[in-house]
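**Student:** Contents of query26.cif (mmCIF, C-alpha atoms):
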data_query
loop_
_atom_site.label_atom_id
_atom_site.label_comp_id
_atom_site.auth_asym_id
_atom_site.auth_seq_id
_atom_site.Cartn_x
_atom_site.Cartn_y
_atom_site.Cartn_z
CA MET U 1 -75.10 53.34 18.18
CA THR U 2 -71.39 53.69 17.64
CA ARG U 3 -70.56 52.15 21.02
CA LEU U 4 -73.01 49.27 20.46
CA THR U 5 -71.62 48.64 17.00
CA MET U 6 -68.07 48.53 18.37
CA MET U 7 -69.08 46.04 21.09
CA LEU U 8 -70.75 43.74 18.58
CA ALA U 9 -67.77 43.96 16.24
CA GLY U 10 -65.40 43.08 19.10
CA ALA U 11 -67.57 40.12 20.07
CA GLY U 12 -67.61 38.94 16.46
CA VAL U 13 -63.83 39.12 16.19
CA ALA U 14 -63.43 37.22 19.47
CA SER U 15 -65.86 34.51 18.39
CA GLY U 16 -64.13 34.26 15.01
CA LEU U 17 -60.79 33.72 16.71
CA MET U 18 -62.29 31.01 18.88
CA VAL U 19 -63.89 29.27 15.92
CA GLY U 20 -60.70 29.49 13.90
CA THR U 21 -58.42 28.13 16.61
CA ALA U 22 -60.57 25.29 17.96
CA PRO U 23 -60.09 22.90 15.02
CA ALA U 24 -56.32 23.46 15.11
CA ALA U 25 -56.19 22.48 18.78
CA ARG U 26 -58.21 19.29 18.14
CA THR U 27 -56.09 18.39 15.14
CA SER U 28 -52.84 18.73 17.04
CA ALA U 29 -54.17 16.56 19.86
CA VAL U 30 -55.15 13.81 17.41
CA GLN U 31 -51.76 13.95 15.71
CA MET U 32 -49.97 13.55 19.03
CA GLN U 33 -52.08 10.51 19.90
CA VAL U 34 -51.46 8.81 16.56
CA ALA U 35 -47.73 9.50 16.81
CA GLY U 36 -47.66 7.95 20.26
CA VAL U 37 -49.32 4.77 18.98
CA ALA U 38 -47.08 4.46 15.92
CA ALA U 39 -43.87 4.96 17.80
CA ALA U 40 -44.64 2.36 20.54
CA PRO U 41 -41.88 3.61 22.84
CA GLY U 42 -39.95 1.08 24.87
CA LEU U 43 -40.35 -1.80 22.39
CA ASP U 44 -37.19 -2.81 20.59
CA MET U 45 -38.16 -4.39 17.28
CA ARG U 46 -34.99 -5.95 15.93
CA GLY U 47 -34.58 -8.91 13.67
CA SER U 48 -32.11 -11.73 14.17
CA THR U 49 -29.53 -9.87 12.12
CA GLY U 50 -29.64 -6.92 14.50
CA ASN U 51 -31.09 -4.45 11.99
CA PRO U 52 -33.99 -2.39 13.35
CA LEU U 53 -37.25 -3.10 11.58
CA ALA U 54 -39.47 -0.31 10.35
CA ALA U 55 -41.43 1.24 13.18
CA ASP U 56 -44.58 1.61 11.07
CA SER U 57 -44.58 -2.13 10.23
CA SER U 58 -44.72 -3.31 13.85
CA ILE U 59 -48.06 -3.69 15.62
CA LEU U 60 -48.62 -3.55 19.35
CA VAL U 61 -50.66 -6.60 20.38
CA GLN U 62 -52.38 -6.15 23.74
CA GLY U 63 -53.03 -9.05 26.10
CA GLY U 64 -55.93 -11.22 24.95
CA SER U 65 -56.14 -9.68 21.46
CA LEU U 66 -55.57 -11.12 17.97
CA ARG U 67 -53.84 -9.64 14.91
CA THR U 68 -53.65 -11.12 11.39
CA TRP U 69 -51.42 -10.61 8.32
CA SER U 70 -52.85 -11.83 4.98
CA TYR U 71 -50.86 -12.62 1.84
CA ARG U 72 -52.95 -13.31 -1.25
CA SER U 73 -50.07 -13.61 -3.71
CA PRO U 74 -48.82 -17.18 -4.28
CA SER U 75 -45.32 -15.77 -4.83
CA VAL U 76 -44.95 -15.27 -1.05
CA GLU U 77 -43.57 -18.68 -0.07
CA GLN U 78 -42.27 -17.84 3.42
CA VAL U 79 -42.57 -15.09 5.99
CA GLN U 80 -40.61 -14.19 9.10
CA VAL U 81 -42.35 -13.56 12.42
CA VAL U 82 -40.62 -11.36 15.03
CA LEU U 83 -42.04 -10.82 18.51
CA SER U 84 -40.53 -8.69 21.27
CA THR U 85 -41.46 -6.90 24.50
CA GLU U 86 -40.01 -4.13 26.64
CA GLY U 87 -38.54 -6.69 29.07
CA ARG U 88 -41.70 -8.45 30.22
CA PRO U 89 -42.66 -12.09 29.53
CA LEU U 90 -44.05 -13.04 26.14
CA ASP U 91 -46.80 -15.65 25.68
CA ALA U 92 -48.30 -16.06 22.22
CA ASP U 93 -50.10 -18.41 19.85
CA ILE U 94 -49.03 -18.29 16.19
CA GLU U 95 -51.11 -20.00 13.50
CA LEU U 96 -50.98 -20.29 9.73
CA TRP U 97 -54.42 -20.24 8.11
CA GLN U 98 -54.84 -21.59 4.58
CA GLY U 99 -58.47 -21.76 3.61
CA PRO U 100 -61.46 -22.28 5.91
CA ASP U 101 -60.76 -24.48 8.97
CA ASN U 102 -57.30 -25.41 7.71
CA THR U 103 -54.35 -24.75 10.02
CA PRO U 104 -51.28 -26.51 8.56
CA CYS U 105 -48.87 -24.93 11.06
CA LYS U 106 -49.26 -23.63 14.61
CA MET U 107 -47.00 -22.99 17.56
CA ARG U 108 -47.13 -21.84 21.15
CA VAL U 109 -44.31 -19.49 22.18
CA TYR U 110 -43.17 -18.50 25.67
CA VAL U 111 -40.22 -16.17 26.36
CA GLU U 112 -39.19 -15.08 29.84
CA ASN U 113 -37.75 -11.75 28.63
CA GLY U 114 -38.90 -10.57 25.20
CA GLN U 115 -36.34 -7.77 25.04
CA LEU U 116 -33.29 -9.89 25.88
CA ARG U 117 -34.47 -12.85 23.79
CA PRO U 118 -36.86 -11.72 21.02
CA PHE U 119 -38.63 -14.50 19.16
CA SER U 120 -37.77 -14.89 15.47
CA ALA U 121 -39.01 -17.74 13.25
CA VAL U 122 -39.65 -18.44 9.58
CA VAL U 123 -43.06 -19.82 8.57
CA GLU U 124 -43.40 -21.54 5.21
CA THR U 125 -46.40 -20.27 3.20
CA PRO U 126 -46.53 -22.16 -0.11
CA ARG U 127 -49.58 -22.02 -2.36
CA GLY U 128 -51.30 -18.81 -1.26
CA PRO U 129 -53.43 -17.19 -0.11
CA ASN U 130 -52.18 -17.48 3.47
CA THR U 131 -52.88 -15.67 6.72
CA ILE U 132 -50.62 -15.41 9.77
CA ALA U 133 -52.61 -15.08 13.01
CA ILE U 134 -50.85 -13.97 16.20
CA ARG U 135 -52.73 -14.00 19.50
CA ASN U 136 -51.42 -12.59 22.76
CA ILE U 137 -52.60 -15.13 25.34
CA GLY U 138 -50.93 -13.29 28.20
CA GLN U 139 -52.52 -10.87 30.64
CA ILE U 140 -53.48 -7.36 29.59
CA GLU U 141 -50.45 -6.04 31.48
CA PHE U 142 -48.10 -7.90 29.08
CA PRO U 143 -48.37 -6.50 25.53
CA PHE U 144 -45.82 -7.29 22.85
CA ALA U 145 -44.81 -5.89 19.48
CA ALA U 146 -45.32 -8.14 16.44
CA ASN U 147 -43.93 -7.86 12.95
CA VAL U 148 -44.39 -10.14 9.94
CA VAL U 149 -42.23 -9.55 6.86
CA ALA U 150 -42.00 -11.39 3.54
CA GLU U 151 -38.72 -9.86 2.31
CA ASP U 152 -35.14 -10.56 3.42
CA VAL U 153 -36.21 -13.65 5.34
CA ASP U 154 -33.50 -15.47 7.31
CA ALA U 155 -32.26 -18.75 5.82
CA PRO U 156 -30.30 -21.62 7.39
CA SER U 157 -26.57 -21.69 6.79
CA ALA U 158 -24.73 -24.43 4.93
CA GLU U 159 -23.50 -25.85 8.24
CA CYS U 160 -27.06 -26.02 9.50
CA LEU U 161 -28.20 -27.93 6.41
CA ASP U 162 -25.31 -30.42 6.59
CA THR U 163 -25.42 -31.32 10.30
CA ARG U 164 -28.88 -32.81 10.68
CA MET U 165 -29.45 -35.64 13.14
CA THR U 166 -32.44 -37.99 13.43
CA ILE U 167 -34.60 -37.83 16.55
CA GLN U 168 -37.03 -40.72 16.95
CA GLY U 169 -40.54 -40.23 18.26
CA GLY U 170 -40.53 -39.67 22.01
CA ALA U 171 -36.77 -39.04 22.13
CA LEU U 172 -34.84 -35.86 22.83
CA ARG U 173 -31.43 -34.34 22.20
CA THR U 174 -29.56 -31.57 23.98
CA TYR U 175 -27.10 -29.10 22.50
CA PRO U 176 -24.89 -27.15 24.96
CA PHE U 177 -23.18 -23.95 23.79
CA ASP U 178 -20.22 -21.86 24.95
CA PRO U 179 -20.70 -18.36 26.39
CA THR U 180 -19.20 -16.94 23.19
CA VAL U 181 -22.28 -18.03 21.18
CA ASP U 182 -24.78 -15.15 21.03
CA SER U 183 -27.46 -16.95 18.97
CA VAL U 184 -28.13 -20.37 17.44
CA GLN U 185 -30.00 -21.69 14.41
CA VAL U 186 -32.61 -24.43 14.80
CA LEU U 187 -33.93 -26.38 11.78
CA LEU U 188 -36.50 -29.19 12.07
CA LYS U 189 -37.73 -31.33 9.17
CA THR U 190 -39.39 -34.66 8.40
CA ASP U 191 -39.71 -36.87 5.32
CA GLY U 192 -43.25 -35.63 4.67
CA ARG U 193 -44.88 -36.84 7.87
CA PRO U 194 -46.37 -34.54 10.51
CA LEU U 195 -43.94 -32.69 12.77
CA ASN U 196 -44.61 -32.37 16.50
CA ALA U 197 -41.77 -30.95 18.57
CA ARG U 198 -40.89 -28.96 21.65
CA ILE U 199 -37.87 -26.64 21.65
CA GLU U 200 -36.52 -25.37 24.96
CA LEU U 201 -33.77 -22.91 25.75
CA LEU U 202 -32.43 -23.60 29.24
CA GLN U 203 -29.95 -21.64 31.32
CA GLY U 204 -29.36 -23.67 34.43
CA PRO U 205 -31.14 -26.81 35.66
CA ASN U 206 -34.81 -26.81 34.58
CA ASN U 207 -34.73 -23.04 34.04
CA ASN U 208 -36.65 -22.44 30.81
CA LYS U 209 -35.85 -19.09 29.19
CA GLN U 210 -37.75 -19.84 25.99
CA VAL U 211 -40.16 -22.62 24.99
CA ILE U 212 -41.66 -23.36 21.55
CA GLU U 213 -44.34 -26.03 21.06
CA LEU U 214 -44.63 -26.73 17.33
CA TYR U 215 -46.99 -28.59 15.02
CA THR U 216 -46.66 -28.85 11.23
CA GLU U 217 -48.80 -31.14 9.09
CA ASP U 218 -45.96 -31.76 6.60
CA GLY U 219 -42.39 -31.38 7.85
CA LEU U 220 -40.95 -31.63 4.34
CA ASP U 221 -43.20 -29.06 2.68
CA ARG U 222 -43.21 -26.81 5.75
CA PRO U 223 -39.96 -27.21 7.72
CA PHE U 224 -39.44 -25.09 10.82
CA PHE U 225 -36.52 -22.69 11.15
CA CYS U 226 -35.86 -20.22 13.93
CA ILE U 227 -33.03 -18.29 15.57
CA LEU U 228 -32.71 -18.35 19.35
CA GLU U 229 -30.86 -15.62 21.20
CA THR U 230 -28.47 -17.14 23.78
CA PRO U 231 -26.91 -14.32 25.83
CA GLY U 232 -24.83 -15.21 28.87
CA SER U 233 -23.36 -18.58 29.80
CA GLY U 234 -24.73 -22.04 30.50
CA ASN U 235 -27.15 -22.09 27.53
CA VAL U 236 -28.52 -25.46 26.45
CA VAL U 237 -31.02 -26.10 23.63
CA ARG U 238 -33.21 -29.16 24.14
CA VAL U 239 -35.25 -30.57 21.24
CA VAL U 240 -37.98 -33.10 22.04
CA ASN U 241 -39.89 -35.11 19.44
CA THR U 242 -43.35 -35.21 21.02
CA ALA U 243 -44.80 -37.40 18.23
CA PRO U 244 -45.18 -41.22 18.46
CA VAL U 245 -42.33 -43.50 17.50
CA GLU U 246 -43.69 -43.81 13.94
CA PHE U 247 -42.91 -40.14 13.23
CA PRO U 248 -39.16 -39.44 13.37
CA MET U 249 -37.69 -36.06 12.48
CA THR U 250 -34.31 -34.52 11.74
CA ALA U 251 -32.91 -31.64 13.78
CA SER U 252 -29.97 -29.31 13.28
CA VAL U 253 -28.82 -26.86 15.97
CA VAL U 254 -25.68 -24.85 15.17
CA PRO U 255 -24.24 -21.47 16.25
CA ASN U 256 -25.49 -18.47 14.33
CA SER U 257 -23.39 -15.59 15.70
CA ILE U 258 -20.28 -15.74 17.90
CA ASN U 259 -18.90 -12.99 20.12
CA GLU U 260 -15.15 -13.54 20.42
CA GLN U 261 -14.84 -10.84 23.08
CA MET U 262 -17.16 -12.66 25.46
CA GLY U 263 -15.15 -14.02 28.38
CA TYR U 264 -15.85 -17.21 30.23
CA GLU U 265 -17.75 -16.60 33.45
CA ALA U 266 -18.13 -18.77 36.51
CA VAL U 267 -21.42 -20.67 36.38
CA LEU U 268 -23.28 -21.49 39.58
CA GLY U 269 -23.03 -25.24 40.02
CA GLY U 270 -20.17 -25.52 37.52
CA ASP U 271 -16.70 -27.03 37.87
CA VAL U 272 -15.49 -24.75 40.68
CA VAL U 273 -13.75 -26.19 43.73
CA LEU U 274 -13.18 -23.82 46.64
CA GLY U 275 -9.86 -24.46 48.37
CA GLY U 276 -9.04 -27.34 46.06
CA ASP U 277 -5.84 -28.16 44.21
CA ALA U 278 -5.47 -26.58 40.79
CA GLY U 279 -4.11 -29.83 39.38
CA TRP U 280 -6.82 -32.01 40.87
#
Can you give me the file's structure in the form of structure tokens?
**Tutor:**
Amino acid sequence: MTRLTMMLAGAGVASGLMVGTAPAARTSAVQMQVAGVAAAPGLDMRGSTGNPLAADSSILVQGGSLRTWSYRSPSVEQVQVVLSTEGRPLDADIELWQGPDNTPCKMRVYVENGQLRPFSAVVETPRGPNTIAIRNIGQIEFPFAANVVAEDVDAPSAECLDTRMTIQGGALRTYPFDPTVDSVQVLLKTDGRPLNARIELLQGPNNNKQVIELYTEDGLDRPFFCILETPGSGNVVRVVNTAPVEFPMTASVVPNSINEQMGYEAVLGGDVVLGGDAGW
């Protein structure tokens, strides 16, 4: 009896240890998985000012999926949308929903490298409630990190507000920039008419690094403002008014940040003559 009692007691202790340790193992595994999702390693979420955004506020949007941010308070009059990747292309649809079947603002965004040139734009949201919908229309192999914030939103500079030029319907304007310009501000407005535009960032002939196709039902109530990253040399911003001739708009494209230490590099196809005279 003593030996049998000792064997049963040993078995009970062993089973108690197993029961006590199993939940701890499952809990630690779940915590590791959640931490891996929250951290989203490899995605650099930085705003246009260069300050890292909160890691818990960014959401990883897989290819073909949709994420929404709702703001019920009417005091939220504008939000900033920041999209970035780990170096892969970025292809997204961004829409502003205000009420059922009402989309006063929508845009299609393409970026060749979402880490080198993250997308950052300000969406006007007057008269809430409003919902920002971001859809990843790329393949499942191309996720991106999305963040929508309503505080410390970027605003156009005084130079950007004072240097607006009119672009008639169907016309375009180009804005070349020096290699010292790291980023530029783009502001598009109308006199209250609809706004249809296409913004392109080119680096070389017909080499689109970033493309934004924009629609806004009221360009005065909902102007469009964004900051384009322009690393390297040979950057040109092209703004096209895709609306008919009856719908002109005003555009302002000015430097946002300048790197004085950036040297001038030789550009392929630029003004370089091999074996020529320096004074030619």
**Student:** Quick one: everything within 10 Å of segment 74-86 of chain U, counting all atoms listed in the file, minus sequence neighbours fewer than 4 positions away in the same chain. Send it as an MDAnalysis selection string.
**Tutor:** chainID U and resid 41:48 53 58:61 90:92 94 109 111 113:130 132 134 142:154 222 225:226
**Student:** With a distance cut-off of 6 Å and all atoms listed in the file, select the neighbouring residues of Asn136 of chain U, excluding the residue or stretch itself and same-chain residues fewer than 2 positions from it, and output the selection as a VMD selection string.
**Tutor:** chain U and resid 63 to 65 92 138
**Student:** Once you have the residues from the selection above, write them out as a tab-separated table (two decimals), keeping the file's coordinate frame, restricted to C-alpha atoms.
**Tutor:**
chain	number	residue	atom	x	y	z
U	63	GLY	CA	-53.03	-9.05	26.10
U	64	GLY	CA	-55.93	-11.22	24.95
U	65	SER	CA	-56.14	-9.68	21.46
U	92	ALA	CA	-48.30	-16.06	22.22
U	138	GLY	CA	-50.93	-13.29	28.20
**Student:** Interatomic distance between atom CA of Ala251 of chain U and atom CA of Val186 of chain U?
**Tutor:**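 Here the two named atoms are 7.3 Å from each other.
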**Student:** Report the distance between atom CA of Trp97 of chain U and atom CA of Thr216 of chain U in Å, rounded to one decimal place.
**Tutor:**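 Straight-line distance from atom CA of Trp97 of chain U to atom CA of Thr216 of chain U works out to 12.0 Å.
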**Student:** So how many Å separate atom CA of Asn207 of chain U and atom CA of Leu172 of chain U, to one decimal?
**Tutor:**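 These two atoms are separated by 17.0 Å.
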**Student:** In terms of the shortest atom-to-atom distance over only C-alpha atoms, which of U:Gly234, U:Pro244, U:Pro179, U:Gly192 is closest to Glu260 of chain U?
**Tutor:** U:Pro179
**Student:** Evaluate the PyMOL selection byres ((chain U and resi 231) around 9) here and jot the selected residues down as a list in words.
**Tutor:** Leu116, Arg117, Pro179, Thr180, Val181, Asp182, Ser183, Glu229, Thr230, Gly232, Ser233 and Asn235 of chain U
**Student:** May I have the residues from that selection written out with C-alpha atoms, as an mmCIF file, in the frame of the given file?
**Tutor:**
data_model
loop_
_atom_site.group_PDB
_atom_site.id
_atom_site.type_symbol
_atom_site.label_atom_id
_atom_site.label_comp_id
_atom_site.auth_asym_id
_atom_site.auth_seq_id
_atom_site.Cartn_x
_atom_site.Cartn_y
_atom_site.Cartn_z
ATOM 1 C CA LEU U 116 -33.290 -9.890 25.880
ATOM 2 C CA ARG U 117 -34.470 -12.850 23.790
ATOM 3 C CA PRO U 179 -20.700 -18.360 26.390
ATOM 4 C CA THR U 180 -19.200 -16.940 23.190
ATOM 5 C CA VAL U 181 -22.280 -18.030 21.180
ATOM 6 C CA ASP U 182 -24.780 -15.150 21.030
ATOM 7 C CA SER U 183 -27.460 -16.950 18.970
ATOM 8 C CA GLU U 229 -30.860 -15.620 21.200
ATOM 9 C CA THR U 230 -28.470 -17.140 23.780
ATOM 10 C CA GLY U 232 -24.830 -15.210 28.870
ATOM 11 C CA SER U 233 -23.360 -18.580 29.800
ATOM 12 C CA ASN U 235 -27.150 -22.090 27.530
#
**Student:** Can you work out which one of U:Pro100, U:Thr68, U:Asn196, U:Asn259 has the shortest atom-to-atom distance to Ala133 of chain U, counting all atoms listed in the file?
**Tutor:**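 Between U:Pro100, U:Thr68, U:Asn196, U:Asn259, the residue approaching Ala133 of chain U most closely is U:Thr68.
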**Student:** Taking all atoms of segment 67-78 of chain U that the file lists, what box with edges along x, y and z, padded by 4 Å per side, do you get, with centre and edge lengths in Å to one decimal, as AutoDock Vina command-line options?
**Tutor:**
--center_x -48.1 --center_y -14.2 --center_z 5.0 --size_x 19.6 --size_y 17.0 --size_z 27.7
**Student:** If I only have part of segment 199-222 of chain U, can you fill in N, CA, C and O atoms and write it as an mmCIF file, in the coordinates of the input?
**Tutor:**
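This is the output file result-v5.cif:
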data_model
loop_
_atom_site.group_PDB
_atom_site.id
_atom_site.type_symbol
_atom_site.label_atom_id
_atom_site.label_comp_id
_atom_site.auth_asym_id
_atom_site.auth_seq_id
_atom_site.Cartn_x
_atom_site.Cartn_y
_atom_site.Cartn_z
ATOM 1 N N ILE U 199 -39.214 -27.218 21.603
ATOM 2 C CA ILE U 199 -37.870 -26.640 21.650
ATOM 3 C C ILE U 199 -37.756 -25.813 22.916
ATOM 4 O O ILE U 199 -38.598 -24.938 23.170
ATOM 5 N N GLU U 200 -36.725 -26.077 23.691
ATOM 6 C CA GLU U 200 -36.520 -25.370 24.960
ATOM 7 C C GLU U 200 -35.122 -24.778 24.993
ATOM 8 O O GLU U 200 -34.157 -25.430 24.590
ATOM 9 N N LEU U 201 -35.040 -23.564 25.482
ATOM 10 C CA LEU U 201 -33.770 -22.910 25.750
ATOM 11 C C LEU U 201 -33.618 -22.828 27.264
ATOM 12 O O LEU U 201 -34.393 -22.133 27.928
ATOM 13 N N LEU U 202 -32.640 -23.546 27.803
ATOM 14 C CA LEU U 202 -32.430 -23.600 29.240
ATOM 15 C C LEU U 202 -31.136 -22.886 29.601
ATOM 16 O O LEU U 202 -30.157 -22.921 28.847
ATOM 17 N N GLN U 203 -31.143 -22.275 30.765
ATOM 18 C CA GLN U 203 -29.950 -21.640 31.320
ATOM 19 C C GLN U 203 -29.914 -21.995 32.808
ATOM 20 O O GLN U 203 -30.421 -21.275 33.653
ATOM 21 N N GLY U 204 -29.313 -23.122 33.089
ATOM 22 C CA GLY U 204 -29.360 -23.670 34.430
ATOM 23 C C GLY U 204 -30.302 -24.848 34.481
ATOM 24 O O GLY U 204 -31.064 -25.110 33.543
ATOM 25 N N PRO U 205 -30.290 -25.608 35.569
ATOM 26 C CA PRO U 205 -31.140 -26.810 35.660
ATOM 27 C C PRO U 205 -32.613 -26.470 35.684
ATOM 28 O O PRO U 205 -33.091 -25.758 36.573
ATOM 29 N N ASN U 206 -33.338 -26.983 34.672
ATOM 30 C CA ASN U 206 -34.810 -26.810 34.580
ATOM 31 C C ASN U 206 -35.235 -25.342 34.654
ATOM 32 O O ASN U 206 -36.275 -25.012 35.225
ATOM 33 N N ASN U 207 -34.423 -24.463 34.075
ATOM 34 C CA ASN U 207 -34.730 -23.040 34.040
ATOM 35 C C ASN U 207 -34.999 -22.646 32.589
ATOM 36 O O ASN U 207 -34.073 -22.332 31.839
ATOM 37 N N ASN U 208 -36.272 -22.694 32.195
ATOM 38 C CA ASN U 208 -36.650 -22.440 30.810
ATOM 39 C C ASN U 208 -36.679 -20.936 30.547
ATOM 40 O O ASN U 208 -37.456 -20.200 31.157
ATOM 41 N N LYS U 209 -35.832 -20.484 29.633
ATOM 42 C CA LYS U 209 -35.850 -19.090 29.190
ATOM 43 C C LYS U 209 -36.753 -18.888 27.983
ATOM 44 O O LYS U 209 -37.283 -17.799 27.782
ATOM 45 N N GLN U 210 -36.903 -19.930 27.180
ATOM 46 C CA GLN U 210 -37.750 -19.840 25.990
ATOM 47 C C GLN U 210 -38.253 -21.234 25.647
ATOM 48 O O GLN U 210 -37.483 -22.202 25.679
ATOM 49 N N VAL U 211 -39.538 -21.338 25.313
ATOM 50 C CA VAL U 211 -40.160 -22.620 24.990
ATOM 51 C C VAL U 211 -41.014 -22.431 23.734
ATOM 52 O O VAL U 211 -41.786 -21.470 23.630
ATOM 53 N N ILE U 212 -40.880 -23.360 22.785
ATOM 54 C CA ILE U 212 -41.660 -23.360 21.550
ATOM 55 C C ILE U 212 -42.290 -24.730 21.388
ATOM 56 O O ILE U 212 -41.565 -25.737 21.313
ATOM 57 N N GLU U 213 -43.614 -24.802 21.345
ATOM 58 C CA GLU U 213 -44.340 -26.030 21.060
ATOM 59 C C GLU U 213 -44.863 -25.937 19.629
ATOM 60 O O GLU U 213 -45.662 -25.054 19.317
ATOM 61 N N LEU U 214 -44.434 -26.858 18.780
ATOM 62 C CA LEU U 214 -44.630 -26.730 17.330
ATOM 63 C C LEU U 214 -45.423 -27.897 16.776
ATOM 64 O O LEU U 214 -45.247 -29.045 17.190
ATOM 65 N N TYR U 215 -46.310 -27.579 15.822
ATOM 66 C CA TYR U 215 -46.990 -28.590 15.020
ATOM 67 C C TYR U 215 -46.991 -28.148 13.571
ATOM 68 O O TYR U 215 -47.330 -27.001 13.250
ATOM 69 N N THR U 216 -46.625 -29.080 12.674
ATOM 70 C CA THR U 216 -46.660 -28.850 11.230
ATOM 71 C C THR U 216 -47.201 -30.111 10.576
ATOM 72 O O THR U 216 -46.734 -31.217 10.888
ATOM 73 N N GLU U 217 -48.170 -29.959 9.677
ATOM 74 C CA GLU U 217 -48.800 -31.140 9.090
ATOM 75 C C GLU U 217 -47.874 -31.854 8.108
ATOM 76 O O GLU U 217 -48.057 -33.051 7.855
ATOM 77 N N ASP U 218 -46.900 -31.160 7.553
ATOM 78 C CA ASP U 218 -45.960 -31.760 6.600
ATOM 79 C C ASP U 218 -44.587 -31.146 6.858
ATOM 80 O O ASP U 218 -44.333 -29.999 6.479
ATOM 81 N N GLY U 219 -43.708 -31.896 7.498
ATOM 82 C CA GLY U 219 -42.390 -31.380 7.850
ATOM 83 C C GLY U 219 -41.434 -31.251 6.690
ATOM 84 O O GLY U 219 -40.364 -30.643 6.851
ATOM 85 N N LEU U 220 -41.780 -31.796 5.528
ATOM 86 C CA LEU U 220 -40.950 -31.630 4.340
ATOM 87 C C LEU U 220 -41.381 -30.411 3.542
ATOM 88 O O LEU U 220 -40.536 -29.649 3.049
ATOM 89 N N ASP U 221 -42.664 -30.218 3.397
ATOM 90 C CA ASP U 221 -43.200 -29.060 2.680
ATOM 91 C C ASP U 221 -43.137 -27.793 3.528
ATOM 92 O O ASP U 221 -42.988 -26.696 2.994
ATOM 93 N N ARG U 222 -43.229 -27.949 4.831
ATOM 94 C CA ARG U 222 -43.210 -26.810 5.750
ATOM 95 C C ARG U 222 -42.234 -27.068 6.895
ATOM 96 O O ARG U 222 -42.648 -27.285 8.035
#
